Structure formats: structure tokens, C-alpha cells
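Reproduced below: input-v9.pdb, with PDB, C-alpha atoms.
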ATOM      1  CA  MET G   1     -45.710  21.463  45.903
ATOM      2  CA  LEU G   2     -45.445  21.938  42.148
ATOM      3  CA  ASN G   3     -45.996  18.896  39.967
ATOM      4  CA  SER G   4     -45.022  18.434  36.343
ATOM      5  CA  ASN G   5     -47.746  19.142  33.783
ATOM      6  CA  ILE G   6     -46.168  17.088  31.057
ATOM      7  CA  LEU G   7     -47.724  13.725  30.319
ATOM      8  CA  SER G   8     -45.580  10.825  31.400
ATOM      9  CA  SER G   9     -44.600   9.065  28.220
ATOM     10  CA  ASP G  10     -41.777   6.861  27.047
ATOM     11  CA  GLY G  11     -41.149   5.788  30.652
ATOM     12  CA  GLN G  12     -40.415   9.329  31.868
ATOM     13  CA  PRO G  13     -41.362   9.573  35.566
ATOM     14  CA  TRP G  14     -43.433  12.472  36.874
ATOM     15  CA  PHE G  15     -41.474  15.035  38.888
ATOM     16  CA  SER G  16     -42.230  17.591  41.593
ATOM     17  CA  ILE G  17     -40.669  20.426  43.594
ATOM     18  CA  GLU G  18     -41.518  21.229  47.198
ATOM     19  CA  THR G  19     -41.493  25.008  47.522
ATOM     20  CA  SER G  20     -42.622  27.875  49.703
ATOM     21  CA  PRO G  21     -44.904  30.622  48.360
ATOM     22  CA  THR G  22     -41.908  32.993  48.464
ATOM     23  CA  HIS G  23     -40.006  30.827  46.001
ATOM     24  CA  GLU G  24     -42.867  29.685  43.794
ATOM     25  CA  ALA G  25     -41.740  31.820  40.833
ATOM     26  CA  GLY G  26     -38.262  30.255  40.943
ATOM     27  CA  ALA G  27     -39.753  26.785  41.262
ATOM     28  CA  ARG G  28     -42.102  27.408  38.322
ATOM     29  CA  PHE G  29     -39.175  28.651  36.191
ATOM     30  CA  PHE G  30     -37.184  25.522  37.080
ATOM     31  CA  MET G  31     -40.187  23.246  36.456
ATOM     32  CA  ASP G  32     -40.637  24.849  33.006
ATOM     33  CA  HIS G  33     -36.951  24.214  32.317
ATOM     34  CA  LEU G  34     -37.278  20.527  33.221
ATOM     35  CA  GLU G  35     -40.399  20.153  31.078
ATOM     36  CA  GLU G  36     -38.588  21.743  28.114
ATOM     37  CA  CYS G  37     -35.732  19.264  28.569
ATOM     38  CA  ILE G  38     -38.233  16.402  28.332
ATOM     39  CA  LYS G  39     -39.886  17.902  25.249
ATOM     40  CA  ARG G  40     -36.430  18.009  23.588
ATOM     41  CA  GLY G  41     -36.116  14.288  24.228
ATOM     42  CA  GLU G  42     -33.924  14.327  27.329
ATOM     43  CA  LYS G  43     -34.637  11.643  29.899
ATOM     44  CA  LEU G  44     -34.711  12.703  33.551
ATOM     45  CA  ALA G  45     -33.852   9.888  35.937
ATOM     46  CA  ASP G  46     -33.268   9.123  39.594
ATOM     47  CA  GLY G  47     -29.878  10.499  40.639
ATOM     48  CA  ASN G  48     -29.563  13.144  37.909
ATOM     49  CA  THR G  49     -27.989  16.370  39.157
ATOM     50  CA  ILE G  50     -28.594  19.832  37.751
ATOM     51  CA  ASP G  51     -26.462  22.904  38.435
ATOM     52  CA  MET G  52     -28.453  26.056  39.136
ATOM     53  CA  GLY G  53     -26.306  29.106  39.720
ATOM     54  CA  SER G  54     -23.698  27.948  42.209
ATOM     55  CA  GLY G  55     -26.144  25.419  43.634
ATOM     56  CA  ARG G  56     -26.692  21.821  42.697
ATOM     57  CA  LEU G  57     -30.040  20.054  42.686
ATOM     58  CA  LYS G  58     -30.640  16.319  42.547
ATOM     59  CA  LEU G  59     -33.613  14.304  41.314
ATOM     60  CA  ILE G  60     -34.445  11.490  43.738
ATOM     61  CA  ALA G  61     -37.220   8.960  43.149
ATOM     62  CA  ASN G  62     -39.856   8.606  45.854
ATOM     63  CA  LYS G  63     -41.637   5.349  46.734
ATOM     64  CA  ASN G  64     -44.063   5.884  43.805
ATOM     65  CA  GLY G  65     -41.211   6.333  41.326
ATOM     66  CA  SER G  66     -41.849  10.058  40.846
ATOM     67  CA  LEU G  67     -38.771  12.284  40.805
ATOM     68  CA  VAL G  68     -38.570  14.850  43.603
ATOM     69  CA  VAL G  69     -36.151  17.802  43.411
ATOM     70  CA  HIS G  70     -33.691  17.878  46.346
ATOM     71  CA  GLU G  71     -31.006  20.345  47.420
ATOM     72  CA  PRO G  72     -28.082  20.061  49.860
ATOM     73  CA  SER G  73     -28.961  20.630  53.529
ATOM     74  CA  PHE G  74     -25.700  22.555  54.129
ATOM     75  CA  LEU G  75     -25.624  21.104  57.644
ATOM     76  CA  GLU G  76     -23.071  18.358  57.161
ATOM     77  CA  PHE G  77     -20.350  17.027  54.923
ATOM     78  CA  PRO G  78     -20.686  14.955  52.760
ATOM     79  CA  ILE G  79     -23.881  16.226  51.138
ATOM     80  CA  LYS G  80     -27.185  15.215  52.714
ATOM     81  CA  TRP G  81     -30.004  15.847  50.227
ATOM     82  CA  VAL G  82     -33.329  17.307  51.422
ATOM     83  CA  PRO G  83     -36.539  17.815  49.421
ATOM     84  CA  GLY G  84     -37.046  21.265  47.895
ATOM     85  CA  ALA G  85     -34.930  23.986  46.373
ATOM     86  CA  ASN G  86     -35.821  27.147  48.327
ATOM     87  CA  ARG G  87     -32.254  27.827  49.488
ATOM     88  CA  THR G  88     -30.953  27.316  45.946
ATOM     89  CA  PHE G  89     -33.540  29.747  44.543
ATOM     90  CA  SER G  90     -32.701  32.325  47.267
ATOM     91  CA  HIS G  91     -28.963  32.106  46.578
ATOM     92  CA  LEU G  92     -29.502  32.400  42.826
ATOM     93  CA  MET G  93     -31.647  35.545  43.225
ATOM     94  CA  LEU G  94     -29.097  37.086  45.609
ATOM     95  CA  GLN G  95     -26.170  36.284  43.301
ATOM     96  CA  LYS G  96     -27.945  37.733  40.258
ATOM     97  CA  LYS G  97     -28.957  40.921  42.143
ATOM     98  CA  LEU G  98     -25.446  41.450  43.479
ATOM     99  CA  CYS G  99     -23.937  41.024  40.011
ATOM    100  CA  ALA G 100     -26.485  43.463  38.548
ATOM    101  CA  GLU G 101     -25.629  46.044  41.244
ATOM    102  CA  ILE G 102     -21.917  45.956  40.480
ATOM    103  CA  GLY G 103     -22.400  45.634  36.724
ATOM    104  CA  VAL G 104     -20.891  42.204  36.052
ATOM    105  CA  GLN G 105     -22.187  38.979  34.549
ATOM    106  CA  PRO G 106     -22.514  36.030  36.941
ATOM    107  CA  ASP G 107     -19.733  33.461  36.727
ATOM    108  CA  PHE G 108     -21.040  30.590  38.820
ATOM    109  CA  SER G 109     -18.853  27.935  40.374
ATOM    110  CA  SER G 110     -20.322  24.540  41.159
ATOM    111  CA  LEU G 111     -20.437  23.334  44.760
ATOM    112  CA  ILE G 112     -18.540  20.237  43.696
ATOM    113  CA  GLN G 113     -15.617  22.280  42.385
ATOM    114  CA  ILE G 114     -12.642  22.837  44.656
ATOM    115  CA  GLY G 115     -10.961  25.875  46.111
ATOM    116  CA  LEU G 116      -7.755  26.493  48.045
ATOM    117  CA  ILE G 117      -8.289  27.037  51.748
ATOM    118  CA  SER G 118      -6.021  27.542  54.737
ATOM    119  CA  GLN G 119      -5.852  24.253  56.665
ATOM    120  CA  VAL G 120      -6.367  26.225  59.879
ATOM    121  CA  MET G 121      -9.685  27.540  58.527
ATOM    122  CA  LEU G 122     -11.058  24.019  58.106
ATOM    123  CA  GLN G 123     -10.421  23.442  61.828
ATOM    124  CA  ARG G 124     -11.864  26.623  63.329
ATOM    125  CA  LEU G 125     -14.120  29.496  62.395
ATOM    126  CA  GLY G 126     -12.943  33.069  62.146
ATOM    127  CA  ASP G 127     -12.838  36.068  59.903
ATOM    128  CA  PHE G 128     -11.529  35.305  56.451
ATOM    129  CA  GLN G 129     -10.796  36.818  53.093
ATOM    130  CA  MET G 130     -11.526  35.279  49.752
ATOM    131  CA  ASP G 131     -10.247  35.975  46.271
ATOM    132  CA  ARG G 132     -11.020  34.486  42.905
ATOM    133  CA  TYR G 133      -8.657  33.882  40.060
ATOM    134  CA  ALA G 134      -9.232  32.134  36.760
ATOM    135  CA  GLY G 135     -10.026  28.506  37.478
ATOM    136  CA  ASP G 136      -9.405  25.710  35.027
ATOM    137  CA  GLY G 137     -13.049  25.483  33.913
ATOM    138  CA  GLN G 138     -13.237  22.004  35.393
ATOM    139  CA  ALA G 139     -12.480  21.000  38.994
ATOM    140  CA  ASN G 140     -10.634  24.161  40.119
ATOM    141  CA  SER G 141     -13.091  26.993  40.825
ATOM    142  CA  GLY G 142     -10.341  29.595  41.214
ATOM    143  CA  TRP G 143     -11.511  30.545  44.728
ATOM    144  CA  THR G 144      -8.968  30.944  47.542
ATOM    145  CA  PHE G 145      -9.846  31.368  51.234
ATOM    146  CA  TYR G 146      -7.387  32.629  53.874
ATOM    147  CA  GLU G 147      -7.495  33.763  57.463
ATOM    148  CA  MET G 148      -7.917  37.522  57.605
ATOM    149  CA  GLY G 149      -4.529  39.175  57.200
ATOM    150  CA  LYS G 150      -2.654  35.883  56.817
ATOM    151  CA  VAL G 151      -1.686  34.565  53.430
ATOM    152  CA  ASP G 152       0.516  31.516  53.862
ATOM    153  CA  ALA G 153       0.644  29.545  50.617
ATOM    154  CA  SER G 154       2.481  26.680  52.336
ATOM    155  CA  ASP G 155      -0.445  25.892  54.654
ATOM    156  CA  VAL G 156      -3.306  25.415  52.192
ATOM    157  CA  THR G 157      -5.324  22.439  51.024
ATOM    158  CA  TRP G 158      -7.906  21.752  48.356
ATOM    159  CA  ALA G 159     -11.508  21.389  49.546
ATOM    160  CA  SER G 160     -14.839  21.285  47.765
ATOM    161  CA  LEU G 161     -16.767  24.540  47.802
ATOM    162  CA  PHE G 162     -19.567  22.577  49.468
ATOM    163  CA  GLN G 163     -17.296  21.570  52.353
ATOM    164  CA  ILE G 164     -16.171  25.189  52.720
ATOM    165  CA  CYS G 165     -19.820  26.375  52.727
ATOM    166  CA  VAL G 166     -20.707  23.856  55.445
ATOM    167  CA  THR G 167     -17.758  25.051  57.541
ATOM    168  CA  TYR G 168     -18.546  28.748  56.916
ATOM    169  CA  PRO G 169     -22.325  28.955  56.470
TER     170      PRO G 169
END
Just give me the structure as C-alpha cells.
Amino acid sequence: MLNSNILSSDGQPWFSIETSPTHEAGARFFMDHLEECIKRGEKLADGNTIDMGSGRLKLIANKNGSLVVHEPSFLEFPIKWVPGANRTFSHLMLQKKLCAEIGVQPDFSSLIQIGLISQVMLQRLGDFQMDRYAGDGQANSGWTFYEMGKVDASDVTWASLFQICVTYP
């Protein structure tokens, strides 16, 4: 568990991140980021969300009023928040390494953005293909998901990227 080193002042609650030794460097980087936000005068509060790569973290107050970093469980829809951020740190490292290998800059979508998906795919698992086009920079991520070999634009629906990730872990 990493705890904030910054003195609690001006009503700012303490905050912490549960982490494994494998992800301690990522947790320390994120903790430093949060402490810098506070030093700049930002107020962190219960319920605040922070995008990290394509992941989303949420600050949730514990019984003592301290803020604990939570990430989605990815086991159910809608989002169930669990303490820690190890999965988020793992995904961020993987995404950055993959982008470095193919020589592109990361262009992260948020899990709360939407993508187009075949309605059949939301009902059953199977092989799929995915493509990305320019999104709108807001709700539309630009991602499309279709059954392998079947592109039927008349049988698609919008779904959050989180819902798609839960369906296709």
C-alpha cells in the first residue's frame, strides 16, 4: 500500500493506492502525479475519476475519509470498482510497449467511450475483428467490432468500450 506523502491541508483528504510489488513503480508514478495535482491547488475528492491510458481510476473514500484508488473489476457490467490499480498499470505498460514496437504514438480511448459492435457479438463469444477510425474526440471512440469475416452494418449497436471489454476479456 502506498500512502500520500503530502500533508493534508485545506481539507484535502489523504489518499492511498493498493499495489503489488510488480506494479509499485507505476503506483509511485501515479501517486506523484496526484501529489503534483494537489500542489497546483487541485482538490481531490470522493468520486473523482482519472483516465490513465485507456483505463479509468476512481477515488473512493474509506470509513476514515481517506481516498483510496479503485479500478474496474472487469467482471461485470455496469462497473464494479475494486481497490487498487494493478490491471490498469499492466494495460498501460503493454499499450505503450506495443506502440513503441510498431513506431506509433498511443491514442488512448476511454472505457466510457462507445464503439460500434455487432449485436450478435454482445450475445455470444467468438472470433472477431476490430478496426479503428477517427472518432469524434468525445463519446465515439472510433472502434468497430465485427464477427470474423462478417461485416453487416445493419446489425450493429453502440456499446461502451467497458461493456465490450467485459464481454470479451
### Task
Would you kindly return, as a PyMOL selection string, each protein, DNA or RNA residue with an atom no farther than 7 Å from any atom of stretch 70-77 of chain G, considering all atoms listed in the file and excluding same-chain residues fewer than 5 positions away?
chain G and resi 56-60+82-85+163+166
Could you save the residues just selected, with C-alpha atoms, as a short mmCIF file (atom, residue, chain, number, x, y, z; two decimals), in the coordinates of the input?
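Below you can see selection-v7.cif, which holds the result:
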data_model
loop_
_atom_site.label_atom_id
_atom_site.label_comp_id
_atom_site.auth_asym_id
_atom_site.auth_seq_id
_atom_site.Cartn_x
_atom_site.Cartn_y
_atom_site.Cartn_z
CA ARG G 56 -26.69 21.82 42.70
CA LEU G 57 -30.04 20.05 42.69
CA LYS G 58 -30.64 16.32 42.55
CA LEU G 59 -33.61 14.30 41.31
CA ILE G 60 -34.44 11.49 43.74
CA VAL G 82 -33.33 17.31 51.42
CA PRO G 83 -36.54 17.82 49.42
CA GLY G 84 -37.05 21.26 47.90
CA ALA G 85 -34.93 23.99 46.37
CA GLN G 163 -17.30 21.57 52.35
CA VAL G 166 -20.71 23.86 55.44
#
#### Entry: Hits from the PyMOL selection byres ((chain G and resi 108) around 8), listed as number ranges by chain
G: 53-54, 106-107, 109-110
What would the selection look like, as a PDB file with C-alpha atoms, in the frame of the given file, if the PyMOL selection byres ((chain G and resi 14-16) around 9) were run on the coordinates I just shared?
ATOM      1  CA  MET G   1     -45.710  21.463  45.903  1.00  0.00           C
ATOM      2  CA  LEU G   2     -45.445  21.938  42.148  1.00  0.00           C
ATOM      3  CA  ASN G   3     -45.996  18.896  39.967  1.00  0.00           C
ATOM      4  CA  SER G   4     -45.022  18.434  36.343  1.00  0.00           C
ATOM      5  CA  ASN G   5     -47.746  19.142  33.783  1.00  0.00           C
ATOM      6  CA  ILE G   6     -46.168  17.088  31.057  1.00  0.00           C
ATOM      7  CA  LEU G   7     -47.724  13.725  30.319  1.00  0.00           C
ATOM      8  CA  SER G   8     -45.580  10.825  31.400  1.00  0.00           C
ATOM      9  CA  GLN G  12     -40.415   9.329  31.868  1.00  0.00           C
ATOM     10  CA  PRO G  13     -41.362   9.573  35.566  1.00  0.00           C
ATOM     11  CA  ILE G  17     -40.669  20.426  43.594  1.00  0.00           C
ATOM     12  CA  GLU G  18     -41.518  21.229  47.198  1.00  0.00           C
ATOM     13  CA  MET G  31     -40.187  23.246  36.456  1.00  0.00           C
ATOM     14  CA  LEU G  34     -37.278  20.527  33.221  1.00  0.00           C
ATOM     15  CA  LEU G  44     -34.711  12.703  33.551  1.00  0.00           C
ATOM     16  CA  LEU G  59     -33.613  14.304  41.314  1.00  0.00           C
ATOM     17  CA  ALA G  61     -37.220   8.960  43.149  1.00  0.00           C
ATOM     18  CA  GLY G  65     -41.211   6.333  41.326  1.00  0.00           C
ATOM     19  CA  SER G  66     -41.849  10.058  40.846  1.00  0.00           C
ATOM     20  CA  LEU G  67     -38.771  12.284  40.805  1.00  0.00           C
ATOM     21  CA  VAL G  68     -38.570  14.850  43.603  1.00  0.00           C
ATOM     22  CA  VAL G  69     -36.151  17.802  43.411  1.00  0.00           C
ATOM     23  CA  GLY G  84     -37.046  21.265  47.895  1.00  0.00           C
TER      24      GLY G  84
END
### Task
Could you check which of G:Thr167, G:Thr22, G:Thr49, G:Asn62 is closest to G:Leu125, using all atoms listed in the file?
G:Thr167
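Closest approach to G:Asp46 among G:Arg124, G:Lys63, G:Lys96, G:His23: G:Lys63, based on all atoms listed in the file.
Taking atom CA of G:Asn64 as the reference point, atom CA of G:Glu24 is found at 23.8 Å.
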### Task
Go ahead and compute the interatomic distance for atom CA of G:Thr144 and atom CA of G:Gln113, in Å to one decimal.
12.1 Å
### Message
Show me the residues close to (-13.0, 34.9, 53.4) - anything with an atom within 8 Å, counting all atoms listed in the file - and format the list as a PyMOL selection string.
### Response
chain G and resi 127-131+145-148
Restrict the selected residues to C-alpha atoms and save them as a PDB file, keeping the file's coordinate frame.
ATOM      1  CA  ASP G 127     -12.838  36.068  59.903  1.00  0.00           C
ATOM      2  CA  PHE G 128     -11.529  35.305  56.451  1.00  0.00           C
ATOM      3  CA  GLN G 129     -10.796  36.818  53.093  1.00  0.00           C
ATOM      4  CA  MET G 130     -11.526  35.279  49.752  1.00  0.00           C
ATOM      5  CA  ASP G 131     -10.247  35.975  46.271  1.00  0.00           C
ATOM      6  CA  PHE G 145      -9.846  31.368  51.234  1.00  0.00           C
ATOM      7  CA  TYR G 146      -7.387  32.629  53.874  1.00  0.00           C
ATOM      8  CA  GLU G 147      -7.495  33.763  57.463  1.00  0.00           C
ATOM      9  CA  MET G 148      -7.917  37.522  57.605  1.00  0.00           C
TER      10      MET G 148
END
### Task
For atom CA of G:Gln123 and atom CA of G:Gly149, determine how far apart the two atoms are, in Å to one decimal place.
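If I compute the distance from atom CA of G:Gln123 to atom CA of G:Gly149, I get 17.4 Å.
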### Task
Between G:His91, G:Arg132, G:Lys97, G:Lys150, single out the one closest to G:Met52, counting all atoms listed in the file.
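Nearest to G:Met52: G:His91.
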Contact residues around G:Gly26 with all atoms listed in the file at 10 Å, ignoring same-chain residues under 5 positions, as a JSON list (two decimals) with C-alpha atoms, keeping the file's coordinate frame:
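The resulting file, part32.json, is shown below:
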[["chain", "number", "residue", "atom", "x", "y", "z"],
["G", 19, "THR", "CA", -41.49, 25.01, 47.52],
["G", 21, "PRO", "CA", -44.90, 30.62, 48.36],
["G", 31, "MET", "CA", -40.19, 23.25, 36.46],
["G", 32, "ASP", "CA", -40.64, 24.85, 33.01],
["G", 85, "ALA", "CA", -34.93, 23.99, 46.37],
["G", 86, "ASN", "CA", -35.82, 27.15, 48.33],
["G", 88, "THR", "CA", -30.95, 27.32, 45.95],
["G", 89, "PHE", "CA", -33.54, 29.75, 44.54],
["G", 90, "SER", "CA", -32.70, 32.33, 47.27],
["G", 92, "LEU", "CA", -29.50, 32.40, 42.83],
["G", 93, "MET", "CA", -31.65, 35.54, 43.22]]
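Using all atoms listed in the file, the smallest distance between any of G:Lys39, G:Gly115, G:Ser154, G:Ser160 and G:Gly142 comes from G:Gly115.
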### Query
Which residue out of G:Ala100, G:Ile38, G:Ile117, G:Leu111 has the minimum interatomic distance to G:Val156 when all atoms listed in the file are used?
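When distances to G:Val156 are compared using all atoms listed in the file, the smallest one comes from G:Ile117.
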With 4 Å of padding per side, what axis-aligned box (centre and edge lengths, Å, one decimal) covers all the listed atoms of stretch 139-150 of chain G? Give it as JSON.
{"center_x": -7.9, "center_y": 30.1, "center_z": 48.3, "size_x": 18.4, "size_y": 26.2, "size_z": 26.6}
### Task
Determine the nearest neighbour of G:Tyr133 from the options G:Val104, G:Ala159, G:Cys165, G:Leu116, counting all atoms listed in the file.
G:Leu116
